[in-house]
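This is upload19.cif. It holds mmCIF, C-alpha atoms.
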data_protein
#
loop_
_atom_site.group_PDB
_atom_site.id
_atom_site.type_symbol
_atom_site.label_atom_id
_atom_site.label_comp_id
_atom_site.auth_asym_id
_atom_site.auth_seq_id
_atom_site.Cartn_x
_atom_site.Cartn_y
_atom_site.Cartn_z
ATOM 1 C CA MET I 1 -104.420 -34.021 38.962
ATOM 2 C CA THR I 2 -106.245 -35.897 41.706
ATOM 3 C CA LYS I 3 -105.916 -32.981 44.118
ATOM 4 C CA LYS I 4 -108.405 -30.207 43.539
ATOM 5 C CA ILE I 5 -106.830 -26.796 43.095
ATOM 6 C CA ASN I 6 -108.494 -24.385 45.468
ATOM 7 C CA LEU I 7 -107.074 -20.961 44.682
ATOM 8 C CA LYS I 8 -108.734 -19.256 47.632
ATOM 9 C CA GLU I 9 -107.273 -21.801 50.047
ATOM 10 C CA MET I 10 -103.888 -21.463 48.389
ATOM 11 C CA GLU I 11 -103.918 -17.692 48.881
ATOM 12 C CA LYS I 12 -105.088 -18.090 52.463
ATOM 13 C CA LYS I 13 -102.293 -20.583 53.180
ATOM 14 C CA ALA I 14 -99.711 -18.214 51.705
ATOM 15 C CA TRP I 15 -101.142 -15.326 53.769
ATOM 16 C CA LYS I 16 -101.258 -17.333 56.990
ATOM 17 C CA SER I 17 -97.664 -18.445 56.552
ATOM 18 C CA CYS I 18 -96.713 -14.849 57.409
ATOM 19 C CA PHE I 19 -98.343 -15.187 60.855
ATOM 20 C CA GLN I 20 -96.963 -18.542 61.961
ATOM 21 C CA ASP I 21 -93.718 -17.084 63.315
ATOM 22 C CA GLY I 22 -95.360 -15.979 66.586
ATOM 23 C CA LEU I 23 -93.967 -12.431 66.334
ATOM 24 C CA TRP I 24 -97.429 -10.855 66.422
ATOM 25 C CA ASP I 25 -98.164 -12.768 69.658
ATOM 26 C CA ILE I 26 -94.885 -11.575 71.205
ATOM 27 C CA PHE I 27 -95.579 -7.996 70.096
ATOM 28 C CA LEU I 28 -99.112 -7.954 71.534
ATOM 29 C CA GLY I 29 -97.892 -9.695 74.679
ATOM 30 C CA LEU I 30 -95.264 -6.996 75.161
ATOM 31 C CA ILE I 31 -97.932 -4.301 74.727
ATOM 32 C CA LEU I 32 -99.947 -5.938 77.503
ATOM 33 C CA LEU I 33 -96.825 -6.326 79.630
ATOM 34 C CA SER I 34 -95.929 -2.664 79.134
ATOM 35 C CA PHE I 35 -99.369 -1.688 80.419
ATOM 36 C CA GLY I 36 -98.879 -4.094 83.304
ATOM 37 C CA ILE I 37 -95.411 -3.265 84.563
ATOM 38 C CA SER I 38 -95.035 0.445 83.757
ATOM 39 C CA PRO I 39 -96.879 1.650 86.903
ATOM 40 C CA PHE I 40 -94.829 -0.869 88.904
ATOM 41 C CA ILE I 41 -91.562 0.453 87.408
ATOM 42 C CA GLU I 42 -92.707 3.970 88.293
ATOM 43 C CA GLU I 43 -93.283 2.910 91.865
ATOM 44 C CA ILE I 44 -89.881 1.294 92.358
ATOM 45 C CA THR I 45 -87.672 3.541 90.195
ATOM 46 C CA GLY I 46 -89.560 6.805 90.039
ATOM 47 C CA ILE I 47 -89.451 6.838 86.214
ATOM 48 C CA THR I 48 -92.760 8.191 84.932
ATOM 49 C CA TYR I 49 -94.939 5.348 83.651
ATOM 50 C CA LEU I 50 -95.391 7.105 80.308
ATOM 51 C CA ILE I 51 -91.647 6.801 79.633
ATOM 52 C CA SER I 52 -91.702 3.116 80.560
ATOM 53 C CA TYR I 53 -94.673 2.626 78.217
ATOM 54 C CA ILE I 54 -92.828 4.238 75.345
ATOM 55 C CA ILE I 55 -89.611 2.284 76.017
ATOM 56 C CA LEU I 56 -91.406 -1.055 76.341
ATOM 57 C CA LEU I 57 -93.664 -0.441 73.325
ATOM 58 C CA SER I 58 -90.627 0.575 71.261
ATOM 59 C CA LEU I 59 -88.837 -2.560 72.454
ATOM 60 C CA GLY I 60 -91.840 -4.643 71.311
ATOM 61 C CA TYR I 61 -91.813 -3.011 67.909
ATOM 62 C CA ILE I 62 -88.022 -3.412 67.539
ATOM 63 C CA ILE I 63 -88.293 -7.127 68.408
ATOM 64 C CA PHE I 64 -91.116 -7.469 65.868
ATOM 65 C CA TYR I 65 -89.196 -5.640 63.123
ATOM 66 C CA ILE I 66 -85.875 -7.413 63.730
ATOM 67 C CA GLY I 67 -87.646 -10.763 64.023
ATOM 68 C CA LYS I 68 -89.390 -10.309 60.682
ATOM 69 C CA LYS I 69 -86.187 -9.143 59.010
ATOM 70 C CA TYR I 70 -83.687 -11.622 60.430
ATOM 71 C CA ILE I 71 -85.801 -14.656 61.368
ATOM 72 C CA THR I 72 -88.952 -14.819 59.239
ATOM 73 C CA ILE I 73 -87.958 -13.527 55.805
ATOM 74 C CA PRO I 74 -84.679 -15.483 55.563
ATOM 75 C CA ARG I 75 -86.694 -18.628 56.326
ATOM 76 C CA ILE I 76 -89.907 -18.300 54.328
ATOM 77 C CA GLY I 77 -89.081 -15.555 51.852
ATOM 78 C CA ASN I 78 -90.864 -12.444 50.792
ATOM 79 C CA VAL I 79 -94.291 -12.020 49.234
ATOM 80 C CA LYS I 80 -96.530 -9.176 48.127
ATOM 81 C CA PHE I 81 -100.251 -9.827 48.200
ATOM 82 C CA GLY I 82 -102.941 -8.664 45.815
ATOM 83 C CA PRO I 83 -105.285 -5.635 46.006
ATOM 84 C CA LYS I 84 -107.877 -7.394 48.219
ATOM 85 C CA ARG I 85 -105.358 -8.028 50.984
ATOM 86 C CA LYS I 86 -103.947 -4.533 50.595
ATOM 87 C CA SER I 87 -107.405 -2.979 51.051
ATOM 88 C CA LYS I 88 -107.960 -5.168 54.128
ATOM 89 C CA LYS I 89 -104.639 -3.955 55.564
ATOM 90 C CA ILE I 90 -105.748 -0.356 54.986
ATOM 91 C CA LYS I 91 -109.000 -1.105 56.837
ATOM 92 C CA VAL I 92 -106.995 -2.463 59.778
ATOM 93 C CA VAL I 93 -104.876 0.706 59.845
ATOM 94 C CA ILE I 94 -108.068 2.843 59.810
ATOM 95 C CA ILE I 95 -109.591 0.782 62.646
ATOM 96 C CA LEU I 96 -106.420 1.159 64.725
ATOM 97 C CA ALA I 97 -106.277 4.890 63.995
ATOM 98 C CA ILE I 98 -109.905 5.337 65.101
ATOM 99 C CA SER I 99 -109.200 3.335 68.250
ATOM 100 C CA VAL I 100 -106.115 5.425 69.073
ATOM 101 C CA ILE I 101 -108.063 8.667 68.435
ATOM 102 C CA PHE I 102 -110.829 7.362 70.691
ATOM 103 C CA GLY I 103 -108.323 6.557 73.438
ATOM 104 C CA LEU I 104 -106.583 9.918 73.150
ATOM 105 C CA ALA I 105 -109.917 11.747 73.120
ATOM 106 C CA ALA I 106 -110.974 9.878 76.264
ATOM 107 C CA ILE I 107 -107.699 10.778 78.011
ATOM 108 C CA LEU I 108 -107.970 14.436 76.923
ATOM 109 C CA LEU I 109 -111.588 14.700 78.028
ATOM 110 C CA THR I 110 -110.835 13.265 81.447
ATOM 111 C CA GLN I 111 -107.583 15.224 81.884
ATOM 112 C CA THR I 112 -109.338 18.504 81.059
ATOM 113 C CA ASP I 113 -112.204 17.543 83.391
ATOM 114 C CA LEU I 114 -114.758 17.776 80.596
ATOM 115 C CA ILE I 115 -115.736 14.261 81.602
ATOM 116 C CA SER I 116 -115.141 13.101 85.125
ATOM 117 C CA TYR I 117 -113.053 9.928 85.289
ATOM 118 C CA ASN I 118 -113.494 9.311 88.986
ATOM 119 C CA ILE I 119 -117.262 9.228 89.138
ATOM 120 C CA ASP I 120 -117.855 6.339 86.793
ATOM 121 C CA ILE I 121 -114.503 4.635 86.663
ATOM 122 C CA SER I 122 -116.041 1.219 85.946
ATOM 123 C CA ILE I 123 -117.942 2.651 82.992
ATOM 124 C CA TRP I 124 -114.629 3.710 81.434
ATOM 125 C CA GLY I 125 -113.321 0.213 82.061
ATOM 126 C CA ILE I 126 -116.300 -1.263 80.250
ATOM 127 C CA ILE I 127 -115.934 1.210 77.371
ATOM 128 C CA PHE I 128 -112.215 0.430 76.934
ATOM 129 C CA ALA I 129 -112.869 -3.308 77.222
ATOM 130 C CA ILE I 130 -115.555 -3.137 74.534
ATOM 131 C CA ASN I 131 -113.255 -1.000 72.406
ATOM 132 C CA ALA I 132 -110.501 -3.640 72.709
ATOM 133 C CA LEU I 133 -112.948 -6.423 71.871
ATOM 134 C CA ILE I 134 -114.244 -4.645 68.770
ATOM 135 C CA VAL I 135 -110.836 -3.484 67.509
ATOM 136 C CA PHE I 136 -109.063 -6.819 67.909
ATOM 137 C CA SER I 137 -112.011 -8.811 66.561
ATOM 138 C CA LEU I 138 -112.130 -6.611 63.463
ATOM 139 C CA MET I 139 -108.371 -6.979 63.079
ATOM 140 C CA ALA I 140 -108.688 -10.762 63.422
ATOM 141 C CA TYR I 141 -111.389 -10.766 60.750
ATOM 142 C CA TYR I 142 -109.593 -8.530 58.268
ATOM 143 C CA LEU I 143 -106.173 -10.075 58.828
ATOM 144 C CA ASP I 144 -107.509 -13.659 58.758
ATOM 145 C CA PHE I 145 -105.622 -14.220 62.011
ATOM 146 C CA PRO I 146 -107.888 -16.152 64.437
ATOM 147 C CA ARG I 147 -105.568 -15.886 67.452
ATOM 148 C CA LEU I 148 -106.394 -12.173 67.553
ATOM 149 C CA TYR I 149 -109.941 -13.093 68.679
ATOM 150 C CA ILE I 150 -108.349 -14.667 71.754
ATOM 151 C CA TYR I 151 -106.179 -11.598 72.289
ATOM 152 C CA SER I 152 -109.258 -9.379 72.068
ATOM 153 C CA ILE I 153 -110.604 -11.358 75.027
ATOM 154 C CA PHE I 154 -107.211 -11.044 76.758
ATOM 155 C CA PHE I 155 -107.223 -7.252 76.426
ATOM 156 C CA ALA I 156 -110.868 -6.901 77.475
ATOM 157 C CA THR I 157 -110.486 -9.273 80.434
ATOM 158 C CA SER I 158 -107.296 -7.491 81.517
ATOM 159 C CA ILE I 159 -109.152 -4.180 81.696
ATOM 160 C CA PHE I 160 -111.980 -5.843 83.589
ATOM 161 C CA ILE I 161 -109.552 -7.437 86.085
ATOM 162 C CA VAL I 162 -107.750 -4.110 86.610
ATOM 163 C CA GLU I 163 -111.065 -2.377 87.306
ATOM 164 C CA THR I 164 -112.316 -5.020 89.701
ATOM 165 C CA SER I 165 -109.056 -5.768 91.525
ATOM 166 C CA SER I 166 -107.756 -2.229 92.120
ATOM 167 C CA SER I 167 -109.801 -1.797 95.303
ATOM 168 C CA HIS I 168 -108.319 -5.026 96.716
ATOM 169 C CA VAL I 169 -104.659 -4.912 95.654
ATOM 170 C CA GLY I 170 -104.065 -1.226 94.950
ATOM 171 C CA SER I 171 -103.606 0.791 91.831
ATOM 172 C CA THR I 172 -100.139 -0.603 90.942
ATOM 173 C CA TYR I 173 -100.606 -4.310 91.420
ATOM 174 C CA ASP I 174 -103.984 -4.318 89.683
ATOM 175 C CA THR I 175 -102.252 -3.624 86.355
ATOM 176 C CA VAL I 176 -99.466 -6.105 87.104
ATOM 177 C CA ILE I 177 -102.087 -8.803 87.660
ATOM 178 C CA GLY I 178 -104.556 -7.732 84.971
ATOM 179 C CA PHE I 179 -102.278 -6.928 82.054
ATOM 180 C CA GLY I 180 -99.127 -8.729 83.163
ATOM 181 C CA MET I 181 -100.729 -12.146 83.468
ATOM 182 C CA PHE I 182 -102.181 -12.118 79.942
ATOM 183 C CA GLY I 183 -99.072 -10.422 78.574
ATOM 184 C CA VAL I 184 -96.895 -13.275 79.837
ATOM 185 C CA VAL I 185 -99.307 -15.826 78.329
ATOM 186 C CA ALA I 186 -99.255 -14.071 74.931
ATOM 187 C CA VAL I 187 -95.443 -13.831 74.943
ATOM 188 C CA LEU I 188 -95.154 -17.527 75.835
ATOM 189 C CA VAL I 189 -97.589 -18.479 73.046
ATOM 190 C CA GLY I 190 -95.503 -16.367 70.663
ATOM 191 C CA LEU I 191 -92.240 -17.985 71.768
ATOM 192 C CA LEU I 192 -93.774 -21.426 71.304
ATOM 193 C CA HIS I 193 -94.843 -20.550 67.757
ATOM 194 C CA LEU I 194 -91.452 -18.991 67.044
ATOM 195 C CA THR I 195 -89.620 -22.124 68.197
ATOM 196 C CA ARG I 196 -91.849 -24.306 66.042
ATOM 197 C CA PHE I 197 -91.385 -21.959 63.104
ATOM 198 C CA VAL I 198 -87.574 -21.962 63.380
ATOM 199 C CA ARG I 199 -87.537 -25.763 63.589
ATOM 200 C CA ARG I 200 -89.946 -26.160 60.689
ATOM 201 C CA TYR I 201 -88.145 -23.727 58.425
ATOM 202 C CA PRO I 202 -84.399 -23.973 58.869
ATOM 203 C CA LEU I 203 -82.203 -21.420 57.113
ATOM 204 C CA GLN I 204 -81.436 -22.307 53.504
ATOM 205 C CA LYS I 205 -77.785 -22.867 52.605
ATOM 206 C CA GLY I 206 -76.420 -20.119 50.388
ATOM 207 C CA ASP I 207 -78.191 -16.962 49.359
ATOM 208 C CA ILE I 208 -81.179 -17.771 47.215
ATOM 209 C CA THR I 209 -83.109 -14.551 47.642
ATOM 210 C CA ASP I 210 -81.876 -13.328 44.275
ATOM 211 C CA GLY I 211 -82.628 -16.672 42.596
ATOM 212 C CA THR I 212 -78.978 -17.365 41.807
ATOM 213 C CA MET E 1 -122.963 -44.201 17.070
ATOM 214 C CA ALA E 2 -122.225 -40.953 15.264
ATOM 215 C CA PRO E 3 -123.014 -38.537 18.138
ATOM 216 C CA LYS E 4 -120.824 -40.545 20.575
ATOM 217 C CA LYS E 5 -117.967 -40.469 18.085
ATOM 218 C CA ASN E 6 -118.417 -36.727 17.628
ATOM 219 C CA LYS E 7 -118.342 -36.258 21.383
ATOM 220 C CA PHE E 8 -115.115 -38.253 21.625
ATOM 221 C CA VAL E 9 -113.525 -36.138 18.873
ATOM 222 C CA ASN E 10 -114.703 -33.042 20.695
ATOM 223 C CA ASP E 11 -113.132 -34.220 23.950
ATOM 224 C CA ILE E 12 -109.854 -34.979 22.216
ATOM 225 C CA GLN E 13 -109.889 -31.542 20.650
ATOM 226 C CA HIS E 14 -110.430 -29.970 24.067
ATOM 227 C CA ILE E 15 -107.573 -31.860 25.694
ATOM 228 C CA SER E 16 -105.185 -31.193 22.827
ATOM 229 C CA ALA E 17 -105.931 -27.472 23.090
ATOM 230 C CA ILE E 18 -104.760 -27.428 26.706
ATOM 231 C CA ASP E 19 -101.611 -25.382 27.342
ATOM 232 C CA LYS E 20 -98.859 -27.950 27.829
ATOM 233 C CA ILE E 21 -96.488 -25.486 29.434
ATOM 234 C CA ILE E 22 -98.937 -24.949 32.300
ATOM 235 C CA HIS E 23 -100.206 -28.531 32.366
ATOM 236 C CA GLU E 24 -96.988 -29.945 33.837
ATOM 237 C CA PRO E 25 -97.761 -30.438 37.616
ATOM 238 C CA ALA E 26 -94.794 -28.468 38.988
ATOM 239 C CA ARG E 27 -95.409 -25.550 36.640
ATOM 240 C CA LEU E 28 -99.125 -25.641 37.372
ATOM 241 C CA ASN E 29 -98.245 -25.434 41.060
ATOM 242 C CA ILE E 30 -95.981 -22.433 40.412
ATOM 243 C CA MET E 31 -98.556 -20.698 38.204
ATOM 244 C CA ALA E 32 -101.341 -21.235 40.756
ATOM 245 C CA HIS E 33 -99.228 -19.831 43.589
ATOM 246 C CA LEU E 34 -98.172 -16.787 41.592
ATOM 247 C CA TYR E 35 -101.765 -16.282 40.413
ATOM 248 C CA VAL E 36 -103.033 -15.728 43.976
ATOM 249 C CA VAL E 37 -100.361 -13.200 44.986
ATOM 250 C CA GLU E 38 -98.965 -10.059 43.391
ATOM 251 C CA SER E 39 -95.346 -11.226 43.489
ATOM 252 C CA ALA E 40 -93.122 -13.492 45.545
ATOM 253 C CA ASP E 41 -89.445 -14.260 45.831
ATOM 254 C CA PHE E 42 -87.644 -17.504 45.083
ATOM 255 C CA LEU E 43 -87.532 -18.719 48.673
ATOM 256 C CA PHE E 44 -91.234 -18.089 49.234
ATOM 257 C CA MET E 45 -92.041 -20.061 46.090
ATOM 258 C CA MET E 46 -89.780 -22.909 47.219
ATOM 259 C CA ARG E 47 -91.523 -23.060 50.598
ATOM 260 C CA GLN E 48 -95.023 -22.873 49.170
ATOM 261 C CA THR E 49 -94.577 -25.286 46.262
ATOM 262 C CA GLY E 50 -92.215 -27.719 47.996
ATOM 263 C CA LEU E 51 -89.914 -27.691 44.962
ATOM 264 C CA THR E 52 -86.129 -27.762 45.226
ATOM 265 C CA PHE E 53 -84.057 -24.793 44.106
ATOM 266 C CA GLY E 54 -82.887 -26.519 40.910
ATOM 267 C CA ASN E 55 -86.358 -27.740 39.991
ATOM 268 C CA LEU E 56 -87.966 -24.380 40.617
ATOM 269 C CA SER E 57 -85.246 -22.593 38.691
ATOM 270 C CA ALA E 58 -85.657 -24.864 35.654
ATOM 271 C CA HIS E 59 -89.450 -24.493 35.570
ATOM 272 C CA MET E 60 -89.191 -20.751 36.106
ATOM 273 C CA SER E 61 -86.951 -20.471 33.051
ATOM 274 C CA LYS E 62 -89.517 -22.316 30.934
ATOM 275 C CA LEU E 63 -92.326 -20.112 32.179
ATOM 276 C CA GLU E 64 -90.238 -17.003 31.616
ATOM 277 C CA ASN E 65 -89.409 -18.086 28.064
ATOM 278 C CA ALA E 66 -93.122 -18.615 27.430
ATOM 279 C CA GLY E 67 -93.719 -15.043 28.599
ATOM 280 C CA TYR E 68 -95.835 -16.197 31.548
ATOM 281 C CA ILE E 69 -93.675 -14.886 34.349
ATOM 282 C CA GLU E 70 -91.630 -11.793 34.851
ATOM 283 C CA ILE E 71 -88.452 -11.811 36.906
ATOM 284 C CA ILE E 72 -87.966 -8.524 38.705
ATOM 285 C CA LYS E 73 -84.463 -7.838 39.982
ATOM 286 C CA GLU E 74 -84.348 -5.302 42.759
ATOM 287 C CA PHE E 75 -82.105 -4.303 45.626
ATOM 288 C CA VAL E 76 -83.078 -4.636 49.269
ATOM 289 C CA GLY E 77 -80.463 -2.494 50.951
ATOM 290 C CA LYS E 78 -77.297 -3.506 49.138
ATOM 291 C CA LYS E 79 -78.398 -7.071 48.440
ATOM 292 C CA PRO E 80 -79.846 -8.168 45.095
ATOM 293 C CA HIS E 81 -83.317 -9.613 45.423
ATOM 294 C CA THR E 82 -85.440 -11.370 42.828
ATOM 295 C CA MET E 83 -89.212 -11.158 42.800
ATOM 296 C CA LEU E 84 -91.330 -13.345 40.543
ATOM 297 C CA LYS E 85 -94.579 -12.172 39.068
ATOM 298 C CA LEU E 86 -97.151 -13.470 36.584
ATOM 299 C CA THR E 87 -97.318 -11.371 33.447
ATOM 300 C CA GLU E 88 -100.682 -10.325 32.052
ATOM 301 C CA GLN E 89 -100.198 -12.974 29.383
ATOM 302 C CA GLY E 90 -99.449 -15.543 32.095
ATOM 303 C CA ARG E 91 -102.568 -14.560 34.043
ATOM 304 C CA GLN E 92 -104.755 -14.906 30.959
ATOM 305 C CA ALA E 93 -103.114 -18.218 30.009
ATOM 306 C CA PHE E 94 -103.742 -19.599 33.493
ATOM 307 C CA GLU E 95 -107.399 -18.505 33.451
ATOM 308 C CA GLU E 96 -107.809 -20.027 29.997
ATOM 309 C CA TYR E 97 -106.185 -23.248 31.219
ATOM 310 C CA LEU E 98 -108.591 -23.480 34.169
ATOM 311 C CA LYS E 99 -111.556 -22.825 31.869
ATOM 312 C CA LYS E 100 -110.492 -25.516 29.430
ATOM 313 C CA MET E 101 -109.820 -28.088 32.147
ATOM 314 C CA LYS E 102 -113.223 -27.414 33.707
ATOM 315 C CA GLN E 103 -114.847 -27.733 30.310
ATOM 316 C CA PHE E 104 -112.989 -30.965 29.644
ATOM 317 C CA PHE E 105 -114.027 -32.574 32.922
ATOM 318 C CA ASN E 106 -117.599 -31.370 32.476
ATOM 319 C CA ASP E 107 -117.706 -32.962 29.045
ATOM 320 C CA MET E 108 -116.214 -36.171 30.429
ATOM 321 C CA SER E 109 -118.789 -36.505 33.175
ATOM 322 C CA SER E 110 -121.849 -35.733 31.036
#
Kindly transcribe the structure held in the file into structure tokens.
Amino acid sequence: MTKKINLKEMEKKAWKSCFQDGLWDIFLGLILLSFGISPFIEEITGITYLISYIILLSLGYIIFYIGKKYITIPRIGNVKFGPKRKSKKIKVVIILAISVIFGLAAILLTQTDLISYNIDISIWGIIFAINALIVFSLMAYYLDFPRLYIYSIFFATSIFIVETSSSHVGSTYDTVIGFGMFGVVAVLVGLLHLTRFVRRYPLQKGDITDGT
Amino acid sequence: MAPKKNKFVNDIQHISAIDKIIHEPARLNIMAHLYVVESADFLFMMRQTGLTFGNLSAHMSKLENAGYIEIIKEFVGKKPHTMLKLTEQGRQAFEEYLKKMKQFFNDMSS
């Protein structure tokens, strides 16, 4: 009984164990990469960038889902958290929904020429960068996942780089540089965490998920 | 000397009233981990507590017999899956245990 029992820390440790597999990093990295390479794919293959976005985002989600199911859960098991964590998860979903609505509204307003996109293009860049900073920081706070603070900076900086570099490198390579660079970094960070996770938690012999 | 003796008797009474099922370190570890979550499976508990399968299984049985934990059998797809959860009685017993231990150490230090 020499070690003090800190229940809050214990809960936090259990919660954080769900994020040490690096799958979130890979997922976010693939989102950034999809933003980065979709216009490039359009240029070389002629496939509309929206289709590439959807395919790459779906691929990111599939990797995340399969990874959780076949890599994470068989290694660290399954857990359901209490009402506080559940309410925080709901808050994250609301924040993401608001952000998506904001993005869609911005696209609709510019597409229907209610707001001109071309006049103040850098202002839109700043708005989206601030949006990314706020959304990811709030997610980091509510999910107790500090690496998301860094990814909020990644997303915001990517948008900034795209806005500032497009006049120098063109409207395809600006996204490759801006989003692609940070996307690759996030994916690599995720793969590093995943490798560590797999080494740290090898698969258990036999099936013990049913306690038999 | 009478008040000191009374205090000693009081302390002994406090420590003897402590729940011995929870007081065992491995079971205390299990109880504490289940207290902070809603439910968890066997593997998660093994990883978090650092106990082996056999050890965890044996302590789980004792806690289940005491009515402190509930073993929920469910199916994930076609595979059986066991989730472990503190019962209301287990939650109250753990809170009571913490209260008594705090009280005991407070009495010891004063």
### Task
Identify all residues satisfying the PyMOL selection byres ((chain E) within 8 of (chain I)) in the given file; provide them as a PyMOL selection string.
chain E and resi 25+32-33+36-45+47-48+57+73+80-83
### Message
Applying 12 Å and all atoms listed in the file, which residues near Leu28 of chain I remain after dropping the ones on its own chain fewer than 5 positions away? List them as an MDAnalysis selection string.
### Response
chainID I and resid 22:23 33:35 56:57 59:61 63:64 136 147:148 150:152 154:155 179:180 182:190
### Shell of 10 Å around Ser58 of chain I, all atoms listed in the file, local chain residues under 4 positions omitted, as a PyMOL selection string
chain I and resi 27+30-31+52-54+62-64
Store the residues picked out above, limited to C-alpha atoms, as a PDB file, in the coordinates of the input.
ATOM      1  CA  PHE I  27     -95.579  -7.996  70.096  1.00  0.00           C
ATOM      2  CA  LEU I  30     -95.264  -6.996  75.161  1.00  0.00           C
ATOM      3  CA  ILE I  31     -97.932  -4.301  74.727  1.00  0.00           C
ATOM      4  CA  SER I  52     -91.702   3.116  80.560  1.00  0.00           C
ATOM      5  CA  TYR I  53     -94.673   2.626  78.217  1.00  0.00           C
ATOM      6  CA  ILE I  54     -92.828   4.238  75.345  1.00  0.00           C
ATOM      7  CA  ILE I  62     -88.022  -3.412  67.539  1.00  0.00           C
ATOM      8  CA  ILE I  63     -88.293  -7.127  68.408  1.00  0.00           C
ATOM      9  CA  PHE I  64     -91.116  -7.469  65.868  1.00  0.00           C
TER      10      PHE I  64
END
### Message
To one decimal place in Å, what is the distance between atom CA of Ile55 of chain I and atom CA of Tyr142 of chain I?
### Response
28.8 Å
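For the choices I:Lys88, I:Lys205, I:Arg200, I:Lys69, the atom-to-atom distance to Leu138 of chain I is smallest for I:Lys88 when using all atoms listed in the file.
Atom CA of His23 of chain E sits 8.1 Å away from atom CA of Tyr97 of chain E.
We find atom CA of Cys18 of chain I and atom CA of Lys62 of chain E to be spaced 28.4 Å apart.
Here the PyMOL selection byres ((chain E and resi 64) around 12) catches exactly these residues: Ile21, Ile22, Arg27, Ile30, Met31, Leu56, Ser57, Ala58, His59, Met60, Ser61, Lys62, Leu63, Asn65, Ala66, Gly67, Tyr68, Ile69, Glu70, Ile71, Ile72, Leu84, Lys85, Leu86, Thr87, Gln89 and Gly90 of chain E.
Using all atoms listed in the file for every distance, the candidate list I:Thr72, I:Ile130, I:Met139, I:Asp25 yields I:Met139 as the residue closest to Val93 of chain I.
For the file shown, the residue list from the PyMOL selection byres ((chain I and resi 134) around 10) reads I:Ile95, I:Ser99, I:Phe128, I:Ala129, I:Ile130, I:Asn131, I:Ala132, I:Leu133, I:Val135, I:Phe136, I:Ser137, I:Leu138, I:Met139, I:Ala140, I:Tyr149, I:Ser152, I:Ile153, I:Ala156.
Closest approach to Val198 of chain I from the set I:Gly178, I:Gly103, I:Gly46, I:Gly67 is made by I:Gly67, with distances taken over all atoms listed in the file.
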### Message
So, with all atoms listed in the file as the atoms that count, which of E:Phe53, E:Phe94, E:Tyr35, E:Phe75 lies closest to Lys20 of chain E?
### Response
E:Phe94
